[in-house]
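Peer 1: Here it is: the structure, laid out below.
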Amino acid sequence: MALAGSMSAGISAMKAHMDALTVVGNNVANVNTYGYKPGRVTFKESIYSTQAAGSDGTETLGGTNPRQTGYGCSVGTIDLDMSTVNMESTGNARDAGIQGDGFFILGDKNGVIMGEYDSLMLSKVGDFRVDPNGYITDGYGNIVYGFATCNATVDDATGDVNKDAAPGISGEAISTQLVPLRLPLAVKTEDEFEGAQVGDAIFPGIVDGLNEYGTFEGYDPISYNSLSIGADGKITCNNDKTGDPVVVGYIALATVTNPSGLTHTEGPYYKAMEGSGDMSIFAPNGSLAGQYLNNADADDGTVETMLGEGGPALLPGFLEASGTDLATEFSNMIIYQRGYQANTRIVTVTDTMLEELVNMKR
């Protein structure tokens, strides 16, 4: 029945406009959600029924165009607007916003192997804190990943620095393996390391993407104060017991080829799955420029390099505001409402015509 086609077109359009209004509702609901990236809907035409194909014509007659009937519309895309928006001051030295493209990297305590980043989450929300075990976490308890200060040994003959050294109290280098960031542990007795005193920081070696504290199970993290995050991602604090300044490490950032292709999982988190492209890891503001991931040498042709000079910096004491623009959302709300209303008229008019058709029998 031909009239059924117009009703199907109207119903499909009503569904599409309801989906679009759901996106608007979610955008408005998150107008005050830190780091929120609004969605944008585009529509596409639905399927077509071809009643007659086109022709190129003959020796005596001209060509004809195809005759096709459409059956409404559907949602074509729902894109995320990943552009950087305004920052809001919080006054908290442990908060940090990203000035430009980039995401904080979060995960669990298990670490990752270089290049296998599927388990990691990306976020724009830098509300950080320290948990009872000394891990740097966000507000939901996920561990912040970055580049940790490590105990390093120097070869006196060559001057080469070994960043995979066993744990110790030197803290002479920054490892460029991506690891869960954690405060150093505290020395328990003075005879554990030469020249150590109780409360000194024990810096790990870095092995297979993890802080390697080895036999230090049961040790507590250092007692600290004045923990803060710098524009270059450096996390610093003071050791309460010794008064020494401590560099915990550097927060890492990530970018992907297509940020709008990230998969939104829950809350402020995204994952770099199919559609997002390759992930690149670096330190903010070029703070580790010239160094290579995984503590590799420059002459290793297979390594990934850090971002060079410049790049996005952190803004300490700020969090990224929601990307929702209420003026745009209210305008879209009216447009989608009127679109829905117009298509209900198609359905009701089609229903009236079908009623008249049925009444012809009387």
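Chain labels A, B, ... are given in the sequence in which chains occur in the structure tokens; within each chain residues are numbered consecutively from 1, and ligands are likewise numbered from 1 in the order shown.
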What are the closest atom pairs, with distances in Å to one decimal, for each residue of stretch 267-340 of chain A lying within 8 Å of stretch 231-242 of chain A, using only C-alpha atoms, rows by chain and rising residue number, as a tab-separated table?

Peer 2:
residue	atom	partner	partner_atom	distance
A:Ala283	CA	A:Gly233	CA	6.9
A:Pro284	CA	A:Asp232	CA	5.0
A:Asn285	CA	A:Asp232	CA	5.3
A:Gly286	CA	A:Asp232	CA	7.4
A:Ser287	CA	A:Asp232	CA	5.7
A:Ala313	CA	A:Ala231	CA	5.5
A:Leu314	CA	A:Ala231	CA	4.4
A:Leu315	CA	A:Ala231	CA	5.6
A:Pro316	CA	A:Ala231	CA	6.2

Peer 1: What's around A:Thr50 at 9 Å? Count only C-alpha atoms, leave out sequence neighbours fewer than 5 positions away in its own chain, and write the answer as a list in words.

Peer 2: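 What passes the distance filter is Pro66, Arg67, Gln68, Thr69 and Gly70 of chain A.
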
Peer 1: Let's have the selection written as a PDB file, in the first residue's frame, with N, CA and C atoms.

Peer 2:
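File result.pdb, as written:
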ATOM      1  N   PRO A  66      15.866   8.228 -13.360  1.00  0.00           N
ATOM      2  CA  PRO A  66      15.244   7.185 -12.532  1.00  0.00           C
ATOM      3  C   PRO A  66      14.154   7.782 -11.649  1.00  0.00           C
ATOM      4  N   ARG A  67      13.160   6.949 -11.333  1.00  0.00           N
ATOM      5  CA  ARG A  67      12.092   7.346 -10.412  1.00  0.00           C
ATOM      6  C   ARG A  67      12.285   6.573  -9.114  1.00  0.00           C
ATOM      7  N   GLN A  68      12.555   7.318  -8.048  1.00  0.00           N
ATOM      8  CA  GLN A  68      12.828   6.682  -6.759  1.00  0.00           C
ATOM      9  C   GLN A  68      12.028   7.357  -5.658  1.00  0.00           C
ATOM     10  N   THR A  69      11.617   6.556  -4.705  1.00  0.00           N
ATOM     11  CA  THR A  69      10.871   7.055  -3.557  1.00  0.00           C
ATOM     12  C   THR A  69      11.668   6.790  -2.290  1.00  0.00           C
ATOM     13  N   GLY A  70      11.860   7.831  -1.481  1.00  0.00           N
ATOM     14  CA  GLY A  70      12.603   7.683  -0.237  1.00  0.00           C
ATOM     15  C   GLY A  70      11.715   7.282   0.922  1.00  0.00           C
TER      16      GLY A  70
END

Peer 1: Counting only C-alpha atoms, which residue out of A:Glu329, A:Glu320, A:Asp19, A:Asp297 sits closest to A:Asn162?

Peer 2: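 For A:Asn162, the nearest of the given residues is A:Asp297.
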
Peer 1: Give the strand (DSSP E or B) residues of stretch 234-350 of chain A, as DSSP finds them on the backbone, and put them as a ChimeraX atom specification.

Peer 2: /A:234-239,245-251,253-256,263-264,269-271,279-282,292,305,313-316,318-320

Peer 1: Based on the selection just made, write C-alpha atoms of those residues as an mmCIF file, in the first residue's frame.

Peer 2:
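Done, and the output landed in out_17.cif:
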data_model
loop_
_atom_site.group_PDB
_atom_site.id
_atom_site.type_symbol
_atom_site.label_atom_id
_atom_site.label_comp_id
_atom_site.auth_asym_id
_atom_site.auth_seq_id
_atom_site.Cartn_x
_atom_site.Cartn_y
_atom_site.Cartn_z
ATOM 1 C CA LYS A 234 56.546 17.369 36.967
ATOM 2 C CA ILE A 235 55.134 16.084 40.271
ATOM 3 C CA THR A 236 57.111 17.354 43.244
ATOM 4 C CA CYS A 237 56.776 17.263 47.024
ATOM 5 C CA ASN A 238 58.841 17.598 50.178
ATOM 6 C CA ASN A 239 59.867 14.615 52.291
ATOM 7 C CA PRO A 245 62.636 17.873 47.861
ATOM 8 C CA VAL A 246 61.403 14.842 45.910
ATOM 9 C CA VAL A 247 60.583 14.590 42.210
ATOM 10 C CA VAL A 248 58.028 11.775 41.866
ATOM 11 C CA GLY A 249 58.077 11.878 38.064
ATOM 12 C CA TYR A 250 56.311 13.424 35.096
ATOM 13 C CA ILE A 251 52.692 12.991 34.075
ATOM 14 C CA LEU A 253 50.012 12.790 27.875
ATOM 15 C CA ALA A 254 48.684 11.030 24.799
ATOM 16 C CA THR A 255 47.276 12.081 21.453
ATOM 17 C CA VAL A 256 45.561 10.038 18.750
ATOM 18 C CA THR A 263 35.255 5.421 22.054
ATOM 19 C CA HIS A 264 33.540 7.035 25.054
ATOM 20 C CA TYR A 269 37.061 8.124 30.030
ATOM 21 C CA TYR A 270 37.804 7.252 26.415
ATOM 22 C CA LYS A 271 39.609 4.344 24.793
ATOM 23 C CA MET A 279 48.382 6.756 19.912
ATOM 24 C CA SER A 280 51.451 8.890 20.639
ATOM 25 C CA ILE A 281 52.897 9.264 24.158
ATOM 26 C CA PHE A 282 54.858 12.290 25.354
ATOM 27 C CA TYR A 292 63.008 8.038 23.673
ATOM 28 C CA THR A 305 60.373 9.333 20.196
ATOM 29 C CA ALA A 313 51.517 22.280 28.595
ATOM 30 C CA LEU A 314 49.555 21.762 31.788
ATOM 31 C CA LEU A 315 47.772 24.542 33.624
ATOM 32 C CA PRO A 316 48.146 23.779 37.359
ATOM 33 C CA PHE A 318 42.705 24.507 36.753
ATOM 34 C CA LEU A 319 40.285 21.934 35.314
ATOM 35 C CA GLU A 320 38.859 21.919 31.805
#

Peer 1: Distance table requested - stretch 123-176 of chain A against stretch 206-230 of chain A, cut-off 8 Å, only C-alpha atoms: one row per qualifying residue with the closest atom pair and its distance in Å to one decimal, ordered by chain and rising residue number, as CSV.

Peer 2:
residue,atom,partner,partner_atom,distance
A:Asn133,CA,A:Pro221,CA,6.5
A:Gly134,CA,A:Pro221,CA,5.4
A:Ala148,CA,A:Asn211,CA,7.9
A:Cys150,CA,A:Ile206,CA,7.0
A:Lys163,CA,A:Ile206,CA,7.0
A:Asp164,CA,A:Ile206,CA,5.2
A:Ala165,CA,A:Ile206,CA,7.5
A:Ala166,CA,A:Glu212,CA,7.6
A:Pro167,CA,A:Tyr213,CA,6.1
A:Ser175,CA,A:Ile206,CA,7.0

Peer 1: Please compute the atom CA of A:Lys124-atom CA of A:Thr328 distance, one decimal, in Å.

Peer 2: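 Atom CA of A:Lys124 sits 22.2 Å away from atom CA of A:Thr328.
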
Peer 1: Atom CA of A:Ala152 to atom CA of A:Gly199: how many Å, to one decimal?

Peer 2: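 Going from atom CA of A:Ala152 over to atom CA of A:Gly199, I get 19.5 Å.
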
Peer 1: At what distance in Å, to one decimal, does atom CA of A:Asp131 lie from atom CA of A:Leu262?

Peer 2: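 Between atom CA of A:Leu262 and atom CA of A:Asp131 the gap works out to 28.5 Å.
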
Peer 1: Which neighbours of A:Gly339 fall inside 12 Å, counting only C-alpha atoms, when residues of the same chain fewer than 5 positions from it are skipped, and could you give them as a list in words?

Peer 2: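 These residues fall inside the cut-off: Gly10, Ile11, Ser12, Ala13, Met14, Lys15, Ala16, His17, Met18, Ala20, Leu21, Phe43, Cys73, Asn332, Met333, Ile334, Thr344, Arg345 and Ile346 of chain A.
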
Peer 1: I need the residues from that last selection saved to file as a PDB file, in the first residue's frame (with C-alpha atoms), if you can.

Peer 2:
ATOM      1  CA  GLY A  10       7.383   9.915   9.105  1.00  0.00           C
ATOM      2  CA  ILE A  11       8.013   7.288  11.791  1.00  0.00           C
ATOM      3  CA  SER A  12      11.694   6.900  10.866  1.00  0.00           C
ATOM      4  CA  ALA A  13      12.139  10.671  11.013  1.00  0.00           C
ATOM      5  CA  MET A  14      10.437  10.831  14.406  1.00  0.00           C
ATOM      6  CA  LYS A  15      12.842   8.202  15.737  1.00  0.00           C
ATOM      7  CA  ALA A  16      15.845  10.065  14.314  1.00  0.00           C
ATOM      8  CA  HIS A  17      14.748  13.354  15.862  1.00  0.00           C
ATOM      9  CA  MET A  18      14.185  11.667  19.227  1.00  0.00           C
ATOM     10  CA  ALA A  20      19.020  13.765  18.253  1.00  0.00           C
ATOM     11  CA  LEU A  21      17.063  15.242  21.153  1.00  0.00           C
ATOM     12  CA  PHE A  43      21.063  13.065   9.681  1.00  0.00           C
ATOM     13  CA  CYS A  73      15.824   9.521   7.435  1.00  0.00           C
ATOM     14  CA  ASN A 332      19.102  22.575  18.260  1.00  0.00           C
ATOM     15  CA  MET A 333      16.387  21.629  20.739  1.00  0.00           C
ATOM     16  CA  ILE A 334      13.900  23.886  18.940  1.00  0.00           C
ATOM     17  CA  THR A 344       3.899  13.638  13.419  1.00  0.00           C
ATOM     18  CA  ARG A 345       1.707  15.549  10.946  1.00  0.00           C
ATOM     19  CA  ILE A 346       2.837  13.194   8.179  1.00  0.00           C
TER      20      ILE A 346
END

Peer 1: Let me make sure I understand: among A:Val349, A:Met121, A:Met82, A:Ile169, which one has the smallest atom-to-atom distance to A:Glu190 if we use only C-alpha atoms?

Peer 2: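 Selected residue with least distance to A:Glu190: A:Ile169.
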
Peer 1: Excluding same-chain residues fewer than 6 positions from A:Val144, what lies within 6 Å of it counting only C-alpha atoms, as a list in words?

Peer 2: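 Returned residues: Leu106, Ile136, Thr137, Pro180 and Leu181 of chain A.
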
Peer 1: For the selection just defined, write its residues with N, CA and C atoms to a file, as a short mmCIF file (atom, residue, chain, number, x, y, z; two decimals), in the first residue's frame.

Peer 2:
data_model
loop_
_atom_site.label_atom_id
_atom_site.label_comp_id
_atom_site.auth_asym_id
_atom_site.auth_seq_id
_atom_site.Cartn_x
_atom_site.Cartn_y
_atom_site.Cartn_z
N LEU A 106 45.37 6.90 32.07
CA LEU A 106 45.05 6.25 33.33
C LEU A 106 44.85 4.76 33.12
N ILE A 136 49.48 7.85 42.55
CA ILE A 136 48.81 9.06 42.08
C ILE A 136 47.56 8.62 41.33
N THR A 137 46.39 9.05 41.77
CA THR A 137 45.13 8.60 41.18
C THR A 137 44.27 9.80 40.80
N PRO A 180 52.70 3.19 36.08
CA PRO A 180 51.80 3.80 37.07
C PRO A 180 52.63 4.65 38.03
N LEU A 181 52.28 5.91 38.19
CA LEU A 181 53.07 6.80 39.04
C LEU A 181 52.77 6.54 40.52
#
